[in-house]
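Here is the structure we will look at, set down as structure tokens.
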Protein chains: 4
Amino acid sequence: MIVVMKENVNQDRQNQLIDWLKGMGLGVHVSAGEFQTVLGLIGDTSKVDMDLIASLDIVESVKRVTETFKCCNRKFHPEDSIIKVGDVKVGGGNFAMIAGPCSVETEDQIVAVAKAVKASGANLLRGGAFKPRTSPYDFQGLKATGLELLKIARKETGLPIVSEIMNIADLPLFEDIDVLQIGARNMQNFDLLREVGHTNKPILLKRGLANTLKELLMSAEYIMASGNEQVILCERGIRTYSDYTRNTLDLSAVPMLHELSHLPVIVDPSHATGIARIVPSMALAATAAGADGLIIEVHNDPIHALCDGAQSLKPDEFDALAGKVRKLREVL
Amino acid sequence: MIVVMKENVNQDRQNQLIDWLKGMGLGVHVSAGEFQTVLGLIGDTSKVDMDLIASLDIVESVKRVTETFKCCNRKFHPEDSIIKVGDVKVGGGNFAMIAGPCSVETEDQIVAVAKAVKASGANLLRGGAFKPRTSPYDFQGLKATGLELLKIARKETGLPIVSEIMNIADLPLFEDIDVLQIGARNMQNFDLLREVGHTNKPILLKRGLANTLKELLMSAEYIMASGNEQVILCERGIRTYSDYTRNTLDLSAVPMLHELSHLPVIVDPSHATGIARIVPSMALAATAAGADGLIIEVHNDPIHALCDGAQSLKPDEFDALAGKVRKLREVL
Amino acid sequence: MIVVMKENVNQDRQNQLIDWLKGMGLGVHVSAGEFQTVLGLIGDTSKVDMDLIASLDIVESVKRVTETFKCCNRKFHPEDSIIKVGDVKVGGGNFAMIAGPCSVETEDQIVAVAKAVKASGANLLRGGAFKPRTSPYDFQGLKATGLELLKIARKETGLPIVSEIMNIADLPLFEDIDVLQIGARNMQNFDLLREVGHTNKPILLKRGLANTLKELLMSAEYIMASGNEQVILCERGIRTYSDYTRNTLDLSAVPMLHELSHLPVIVDPSHATGIARIVPSMALAATAAGADGLIIEVHNDPIHALCDGAQSLKPDEFDALAGKVRKLREVL
Amino acid sequence: MIVVMKENVNQDRQNQLIDWLKGMGLGVHVSAGEFQTVLGLIGDTSKVDMDLIASLDIVESVKRVTETFKCCNRKFHPEDSIIKVGDVKVGGGNFAMIAGPCSVETEDQIVAVAKAVKASGANLLRGGAFKPRTSPYDFQGLKATGLELLKIARKETGLPIVSEIMNIADLPLFEDIDVLQIGARNMQNFDLLREVGHTNKPILLKRGLANTLKELLMSAEYIMASGNEQVILCERGIRTYSDYTRNTLDLSAVPMLHELSHLPVIVDPSHATGIARIVPSMALAATAAGADGLIIEVHNDPIHALCDGAQSLKPDEFDALAGKVRKLREVL
């Protein structure tokens, strides 16, 4: 249910209304626009007396909402959300260029890659410490050690760091990580979503292997309804019968998600294709489609990468791509 | 790597070999057949000297294995695995008829359904206490209370109980639950798989929404490589462009999984179709395809079920179906 | 639009109504039940005056229909359709066991296979003369010669023959073929559908690679709206991300199509799986799901078959399967 | 099989070799580069004596080829193919901007749209006269009349015309149409492919609903092996479980097809998405991905369009998009 407040209402009276609604067991999402405030009521609104609320002199109108997503819905929050990571902004015209290796391997590797991608214009560093692997016999990441190496790379370059969390129990280890990534396989790990919704960190939420846009938004909703509104959505390819690429990058997700939601939408062309040779084309296409950022795998030695080397760009390839992305964004 | 032992070798010497292999950091999976024993070596076998092992007089042959799944692979364990749940056996010709409501709602409901399905021939009771829901605003299950109600129903009927676990932190609550279910959305929640692999309970592992058979077996492998070999696989429909049914039930998974693995394979026609009217046809088809069991939603009041009522059979419908399944199994 | 006639109305007056409707450019599908007749109006009914028709004393009621399929819709034709092929009936409890090689290769081959499958209980013979092949460089079938060889096999065994037609121009060659098959790749070759709709032969219509049930029924509608109501639907597997089987057999199509339509539904487990070893399981499952028949590839020398040998049963394997199918049908 | 000729060989001797190969029943595809000529042998090459050919003094080397596509394979034709339609070139850096209504409706409509899109920079006019429709009850196009109206629009604007052919029997009607379009549903109508392969017109070949890139290339191969090498490939979205867009536009097809084949690749964002609002984003993304052209639905009155109005741009929307595409191409 949506309560649209009148313009310039008395704040105390508005707060009384909010408290009263909360007292009924509802969550209240306050979206303060320049002139008007909109309250989004979350929870079982079936017993709320719409007419009563509509009759208050501080209320302009009340609507029952059939939309199943509320917090992330653009209808109730028309302006683009801008997510802040340190000094970096994502969304609302601000572009995130996130780059780094699939897995953190050694201090030399992560520091070298971090310096290289920063020099090429990246503003966030990615690196996997906990790796979700299909096989229990494959390399599972350096775990806590990997996170420490990421922090060294951050210290050396100033780049905020993004790393995937797979398990609620690991949250303390991520205390000093800037952005928590929820991977595709955990997009519907609802307890994990709720838990990161209780942190105050930006969350990079990847679309699941075969999930619809609505399901992605509902998973964002889990995080936001728990109190953390700093969600960045990420399209990373869906599973189809594709015969050459690993997944099928669904770039129509970018304008559709922008229409449905105010959250920023970034694109991961590396996991979507699995083929370094076509990552640049897909990165440029994502930029042209209006993405708010890119997350790209870069490795200084892709041949010997412990995981996903085939999809990593070399630093000079990333540098060339980053230049083209900038030029493209100037035109658009 | 697979080490095939000679027939009737001295047990002490065999144990020495196993200890030596474990001392190299390898997991050793011992599969004792009637005459011969096969050792499956798990982990980094690249440094193992094959020739040395092959030269031992208690060893018949050694093979490097390209198969990525080992513990669950029928090649290394030709006989069907039989999973025991109390007095109930699943697999190897033993049929699991698992029935019950999607969600546990009240004591009356779960006891009534349990009695009804038992009378119709069910040998295991299912009921959801922790429910994975796409929306944070939907009913999430009775949680701990739901598990307590299941135990009451077990006490009343003697039926062992199956319930889904979504979160490692909830494990203590499942102490007295007979079978832990891993749902489709958590099929690749690898930390959860590892953790239930450390329990000594049978695990009912559902295939993910868009996961391949190989990925399902690799997830079974996570559980088994952690020490728990009691895994029951479950086909529950995959996501396609189907226009009438919720998912597409992939019954070819039954004979294919039986060929690839020694684990029992059961089928969930309720979630696969989402339509109670066609559940019986699909249950019979699954039986004819050679499934080792069925898991079927039954509710005494489907219209008012708190979740998934549309796919639940009424007790009399289940009774008719169970009779047909028995007749079919007699013929096959 | 549906016009339900009163019971036992005067035939002449009914025919006058039908002629009048046809004079308005509408197609009229007459479905005569035991007591009542239902007229299905096909075409642009927007200018038909419903009230006028409803006011006629021979008319019980008139309904605008939102269903997009009419001729094949069970609502307007509640009884199962039974399609006759010579003495063989398909549908309404009559089971079609169609067997034969993927491609007709030689007289010896097709006659030998025909005799074998007849001895095992097949009542129709299949054999490809015109083969749709992904590559222009693969064997494309014996064409006209293949059809002649099929007729020889029919003469030797009495089995009516089923063969695929790919091109309207080939219709004269199929003059003496009993059932025309429309293959999956041509399910939406609408001109071909219309043209076989002008013949008076039974049509075996296969579901396309990635087509929905509604699309399959709309394609049946093309044939039926052209005047030929003898359509047999065939589920043959849809394209997914399956990693072992060639396609994913969607057996829920059987009960769903039976609910939506009065047409018989048969299943092709050979093309659906592409693996002879699991064809029997899927054939039994299809039977248990309520299919009105099976179409199974049988070859006397699968290793050397010119196409699709991997999915063909040997005659003795087919014989064992046919026996099990019969036993299963007795129980059901 | 590929025969690489030596540089600057005597043409008569080369022709003798070609005639000799043709005499063995092989097709010979001659690809004359600036310095060297490559012969692609098509058909059953199993009886060709490789050593004999390799020993000829005009031959540099001979290779057996495992690639299943030959005529369209970039390996045997490294330069981009450029397809000429009147004065318009497509491929090799030349961009096709194809625009027009889904269906031709009236002379006024098609002439007005043609003038508008030409003014905005389109260099080819599209318009459907024969429409493949899922339902036999939907508008099927103006057929021959529609083609005549397209010719009027061509006369008024000079724009060459592109229109879909669904039936071999209609070929005479397309005598004076500039580009024949093969629609998605006919991508594997192999007889139609062969037949348009006998014309000397450029063919716009759309990817099927659920076809892989290899299958698309094999269908191009059908056309090319019949003698017509003027094929333009078109990505138009594939069927998935997408919940908002009609299909999922697979833009990775653009760089992958460019890697595999020398043929031009264009993109249809209108059918891929079915939503006019997001067509511009996807058109820009396709351009950035390196597409050789776009085919976009434009209608002067989308609300009243007889088919697919929801996905049509209005002329002013197309004008704005065309301007952006030009700017983007200048940067890239």
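Residues are named by chain letter and number: chains run A, B, ... in the order of the structure tokens, numbers start at 1 in each chain, and ligands are numbered from 1 in the order shown.
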
Problem set entry | Residue list (alpha helix (DSSP H), DSSP) for range 2-48 of chain A, as a ChimeraX atom specification | /A:11-23

Problem set entry | Exercise answer, chain A residues close to chain B, 7 Å and only C-alpha atoms, as JSON, numbers by chain | {"A": [43, 132, 134, 135, 136, 137, 167, 185, 186, 188, 189, 190, 191, 210, 215, 218, 221, 222]}

Exercise. What lies within 9 Å of range 157-163 of chain D using only C-alpha atoms, ignoring chain neighbours under 5 positions off, as a PyMOL selection string?
Worked result: chain D and resi 85-88+98+111+114-115+118+122-130+147+150-152+174+177-182+204

Could you take the residues named above and write them with N, CA and C atoms, as a short mmCIF file (atom, residue, chain, number, x, y, z; two decimals), in the first residue's frame?
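Result written to selection28.cif:
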```cif
data_model
loop_
_atom_site.label_atom_id
_atom_site.label_comp_id
_atom_site.auth_asym_id
_atom_site.auth_seq_id
_atom_site.Cartn_x
_atom_site.Cartn_y
_atom_site.Cartn_z
N VAL D 85 22.77 -4.78 -52.52
CA VAL D 85 21.34 -4.69 -52.82
C VAL D 85 21.17 -3.37 -53.58
N GLY D 86 21.11 -3.46 -54.92
CA GLY D 86 21.13 -2.23 -55.71
C GLY D 86 22.42 -1.50 -55.36
N ASP D 87 22.31 -0.23 -54.96
CA ASP D 87 23.50 0.54 -54.63
C ASP D 87 23.91 0.36 -53.17
N VAL D 88 23.08 -0.32 -52.41
CA VAL D 88 23.35 -0.45 -50.97
C VAL D 88 24.26 -1.64 -50.73
N ILE D 98 17.53 -0.97 -42.03
CA ILE D 98 16.30 -1.45 -42.66
C ILE D 98 15.14 -1.07 -41.76
N VAL D 111 3.76 4.14 -48.20
CA VAL D 111 4.50 5.25 -48.82
C VAL D 111 4.92 6.26 -47.76
N ALA D 114 7.71 4.79 -45.72
CA ALA D 114 8.93 4.71 -46.52
C ALA D 114 9.60 6.07 -46.63
N LYS D 115 8.79 7.11 -46.89
CA LYS D 115 9.38 8.46 -47.00
C LYS D 115 9.98 8.89 -45.67
N LYS D 118 13.22 6.95 -44.92
CA LYS D 118 14.30 7.36 -45.80
C LYS D 118 14.87 8.71 -45.32
N ALA D 122 17.28 5.60 -43.31
CA ALA D 122 17.18 4.18 -43.66
C ALA D 122 17.62 4.00 -45.10
N ASN D 123 18.29 2.88 -45.38
CA ASN D 123 18.68 2.64 -46.78
C ASN D 123 17.97 1.42 -47.39
N LEU D 124 17.12 0.75 -46.63
CA LEU D 124 16.31 -0.35 -47.14
C LEU D 124 14.94 -0.28 -46.47
N LEU D 125 13.90 -0.69 -47.22
CA LEU D 125 12.53 -0.66 -46.69
C LEU D 125 12.06 -2.08 -46.44
N ARG D 126 11.55 -2.35 -45.23
CA ARG D 126 10.96 -3.65 -44.96
C ARG D 126 9.44 -3.52 -44.90
N GLY D 127 8.74 -4.63 -45.17
CA GLY D 127 7.28 -4.62 -45.06
C GLY D 127 6.78 -6.03 -45.31
N GLY D 128 5.93 -6.52 -44.44
CA GLY D 128 5.45 -7.89 -44.58
C GLY D 128 4.21 -7.95 -45.46
N ALA D 129 4.23 -8.83 -46.45
CA ALA D 129 3.06 -9.05 -47.30
C ALA D 129 2.47 -10.42 -47.00
N PHE D 130 3.35 -11.39 -46.81
CA PHE D 130 2.93 -12.73 -46.36
C PHE D 130 3.36 -12.84 -44.91
N LEU D 147 2.87 -6.88 -51.89
CA LEU D 147 4.12 -6.74 -52.64
C LEU D 147 4.02 -5.60 -53.65
N LEU D 150 4.48 -2.37 -51.88
CA LEU D 150 5.90 -2.15 -51.57
C LEU D 150 6.65 -1.58 -52.78
N LYS D 151 6.29 -2.09 -53.97
CA LYS D 151 6.97 -1.60 -55.17
C LYS D 151 6.65 -0.13 -55.42
N ILE D 152 5.40 0.25 -55.12
CA ILE D 152 5.04 1.67 -55.24
C ILE D 152 5.89 2.51 -54.30
N PHE D 174 7.78 -12.82 -56.14
CA PHE D 174 8.89 -12.07 -55.56
C PHE D 174 9.96 -11.71 -56.60
N ILE D 177 11.24 -8.31 -56.11
CA ILE D 177 11.55 -7.89 -54.73
C ILE D 177 13.07 -7.97 -54.56
N ASP D 178 13.66 -7.01 -53.85
CA ASP D 178 15.13 -6.91 -53.84
C ASP D 178 15.80 -7.92 -52.90
N VAL D 179 15.22 -8.10 -51.71
CA VAL D 179 15.80 -9.03 -50.74
C VAL D 179 14.70 -9.96 -50.25
N LEU D 180 14.96 -11.28 -50.30
CA LEU D 180 13.99 -12.25 -49.78
C LEU D 180 14.32 -12.54 -48.33
N GLN D 181 13.32 -12.40 -47.48
CA GLN D 181 13.53 -12.71 -46.07
C GLN D 181 13.01 -14.11 -45.77
N ILE D 182 13.84 -14.92 -45.07
CA ILE D 182 13.38 -16.21 -44.55
C ILE D 182 13.15 -16.00 -43.06
N LEU D 204 17.85 -12.59 -46.60
CA LEU D 204 17.99 -12.21 -45.19
C LEU D 204 17.49 -13.40 -44.38
#
```

Problem set entry | Members of range 173-288 of chain A assigned strand (DSSP E) by DSSP, as a PyMOL selection string | chain A and resi 179-182+203-206+231-235+265-267

Those residues you just picked out, can you put them in a file as a PDB file, in the first residue's frame with N, CA and C atoms?
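So the final result, stored in part_12.pdb, reads:
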```pdb
ATOM      1  N   VAL A 179      32.102  -3.801  -0.731  1.00  0.00           N
ATOM      2  CA  VAL A 179      30.846  -4.233  -1.362  1.00  0.00           C
ATOM      3  C   VAL A 179      30.739  -5.754  -1.254  1.00  0.00           C
ATOM      4  N   LEU A 180      29.600  -6.247  -0.753  1.00  0.00           N
ATOM      5  CA  LEU A 180      29.386  -7.688  -0.668  1.00  0.00           C
ATOM      6  C   LEU A 180      28.691  -8.161  -1.947  1.00  0.00           C
ATOM      7  N   GLN A 181      29.266  -9.149  -2.585  1.00  0.00           N
ATOM      8  CA  GLN A 181      28.629  -9.700  -3.784  1.00  0.00           C
ATOM      9  C   GLN A 181      27.849 -10.961  -3.429  1.00  0.00           C
ATOM     10  N   ILE A 182      26.596 -11.028  -3.899  1.00  0.00           N
ATOM     11  CA  ILE A 182      25.803 -12.261  -3.818  1.00  0.00           C
ATOM     12  C   ILE A 182      25.842 -12.889  -5.199  1.00  0.00           C
ATOM     13  N   ILE A 203      25.350  -3.908  -1.634  1.00  0.00           N
ATOM     14  CA  ILE A 203      25.276  -5.316  -2.046  1.00  0.00           C
ATOM     15  C   ILE A 203      25.216  -5.376  -3.569  1.00  0.00           C
ATOM     16  N   LEU A 204      26.095  -6.160  -4.155  1.00  0.00           N
ATOM     17  CA  LEU A 204      26.048  -6.398  -5.599  1.00  0.00           C
ATOM     18  C   LEU A 204      25.321  -7.727  -5.787  1.00  0.00           C
ATOM     19  N   LEU A 205      24.093  -7.670  -6.307  1.00  0.00           N
ATOM     20  CA  LEU A 205      23.242  -8.862  -6.391  1.00  0.00           C
ATOM     21  C   LEU A 205      23.192  -9.369  -7.826  1.00  0.00           C
ATOM     22  N   LYS A 206      23.744 -10.555  -8.045  1.00  0.00           N
ATOM     23  CA  LYS A 206      23.768 -11.108  -9.396  1.00  0.00           C
ATOM     24  C   LYS A 206      22.495 -11.891  -9.690  1.00  0.00           C
ATOM     25  N   VAL A 231      21.412  -1.589  -2.992  1.00  0.00           N
ATOM     26  CA  VAL A 231      21.531  -2.781  -3.824  1.00  0.00           C
ATOM     27  C   VAL A 231      21.881  -2.387  -5.256  1.00  0.00           C
ATOM     28  N   ILE A 232      22.877  -3.061  -5.803  1.00  0.00           N
ATOM     29  CA  ILE A 232      23.253  -2.903  -7.216  1.00  0.00           C
ATOM     30  C   ILE A 232      22.898  -4.214  -7.910  1.00  0.00           C
ATOM     31  N   LEU A 233      22.057  -4.138  -8.942  1.00  0.00           N
ATOM     32  CA  LEU A 233      21.656  -5.346  -9.674  1.00  0.00           C
ATOM     33  C   LEU A 233      22.702  -5.667 -10.737  1.00  0.00           C
ATOM     34  N   CYS A 234      22.866  -6.932 -11.022  1.00  0.00           N
ATOM     35  CA  CYS A 234      23.859  -7.330 -12.028  1.00  0.00           C
ATOM     36  C   CYS A 234      23.336  -8.433 -12.940  1.00  0.00           C
ATOM     37  N   GLU A 235      23.281  -8.119 -14.239  1.00  0.00           N
ATOM     38  CA  GLU A 235      22.956  -9.120 -15.258  1.00  0.00           C
ATOM     39  C   GLU A 235      24.250  -9.823 -15.646  1.00  0.00           C
ATOM     40  N   VAL A 265      21.953  -0.828 -12.425  1.00  0.00           N
ATOM     41  CA  VAL A 265      22.073  -2.124 -13.093  1.00  0.00           C
ATOM     42  C   VAL A 265      23.437  -2.189 -13.785  1.00  0.00           C
ATOM     43  N   ILE A 266      24.249  -3.147 -13.372  1.00  0.00           N
ATOM     44  CA  ILE A 266      25.530  -3.314 -14.060  1.00  0.00           C
ATOM     45  C   ILE A 266      25.545  -4.662 -14.787  1.00  0.00           C
ATOM     46  N   VAL A 267      26.547  -4.865 -15.614  1.00  0.00           N
ATOM     47  CA  VAL A 267      26.600  -6.054 -16.472  1.00  0.00           C
ATOM     48  C   VAL A 267      27.962  -6.733 -16.347  1.00  0.00           C
TER      49      VAL A 267
END
```

Exercise. Which is closest to Gly227 in chain A among A:Asn200, A:Ser242, A:Ser252, A:Thr212, if we use only C-alpha atoms?
Worked result: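 The answer is A:Asn200, which sits nearest to Gly227 in chain A.
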
For this session: Determine, counting only C-alpha atoms, which protein, DNA and RNA residues have an atom within 12 Å of an atom of Val48 in chain C; residues of the same chain fewer than 4 positions away are not included. Present the result as a PyMOL selection string.
Result: chain C and resi 1-3+20-26+41-44+52-54+62-64

Now that the selection is made, can you save its residues with C-alpha atoms as a PDB file, in the first residue's frame?
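And here's out08.pdb as it stands now:
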```pdb
ATOM      1  CA  MET C   1     -18.204 -17.833 -31.421  1.00  0.00           C
ATOM      2  CA  ILE C   2     -20.128 -20.908 -30.331  1.00  0.00           C
ATOM      3  CA  VAL C   3     -23.788 -21.562 -31.132  1.00  0.00           C
ATOM      4  CA  TRP C  20     -26.521 -18.121 -43.748  1.00  0.00           C
ATOM      5  CA  LEU C  21     -23.479 -17.999 -41.482  1.00  0.00           C
ATOM      6  CA  LYS C  22     -21.247 -19.254 -44.275  1.00  0.00           C
ATOM      7  CA  GLY C  23     -22.701 -16.549 -46.496  1.00  0.00           C
ATOM      8  CA  MET C  24     -21.248 -14.025 -44.050  1.00  0.00           C
ATOM      9  CA  GLY C  25     -17.782 -15.375 -44.835  1.00  0.00           C
ATOM     10  CA  LEU C  26     -17.525 -17.479 -41.705  1.00  0.00           C
ATOM     11  CA  LEU C  41     -17.905 -20.138 -36.019  1.00  0.00           C
ATOM     12  CA  ILE C  42     -14.460 -19.468 -37.415  1.00  0.00           C
ATOM     13  CA  GLY C  43     -13.231 -16.211 -38.893  1.00  0.00           C
ATOM     14  CA  ASP C  44     -14.116 -12.588 -38.190  1.00  0.00           C
ATOM     15  CA  LEU C  52     -30.201 -12.044 -33.429  1.00  0.00           C
ATOM     16  CA  ILE C  53     -28.874 -15.593 -33.480  1.00  0.00           C
ATOM     17  CA  ALA C  54     -29.742 -16.199 -29.843  1.00  0.00           C
ATOM     18  CA  VAL C  62     -24.610 -18.223 -28.097  1.00  0.00           C
ATOM     19  CA  LYS C  63     -21.214 -17.509 -26.591  1.00  0.00           C
ATOM     20  CA  ARG C  64     -18.290 -15.392 -27.667  1.00  0.00           C
TER      21      ARG C  64
END
```

For this session: Give me, please, the distance in Å between CA of Ala119 in chain A and CA of Asp292 in chain A, quoted to one decimal.
Result: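 For CA of Ala119 in chain A relative to CA of Asp292 in chain A, the distance reads 20.3 Å.
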
Problem set entry | Pairwise distance for CA of Gly92 in chain A and CA of His271 in chain A, rounded to one decimal in Å |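 Atom-to-atom, CA of Gly92 in chain A to CA of His271 in chain A, that is 25.0 Å.
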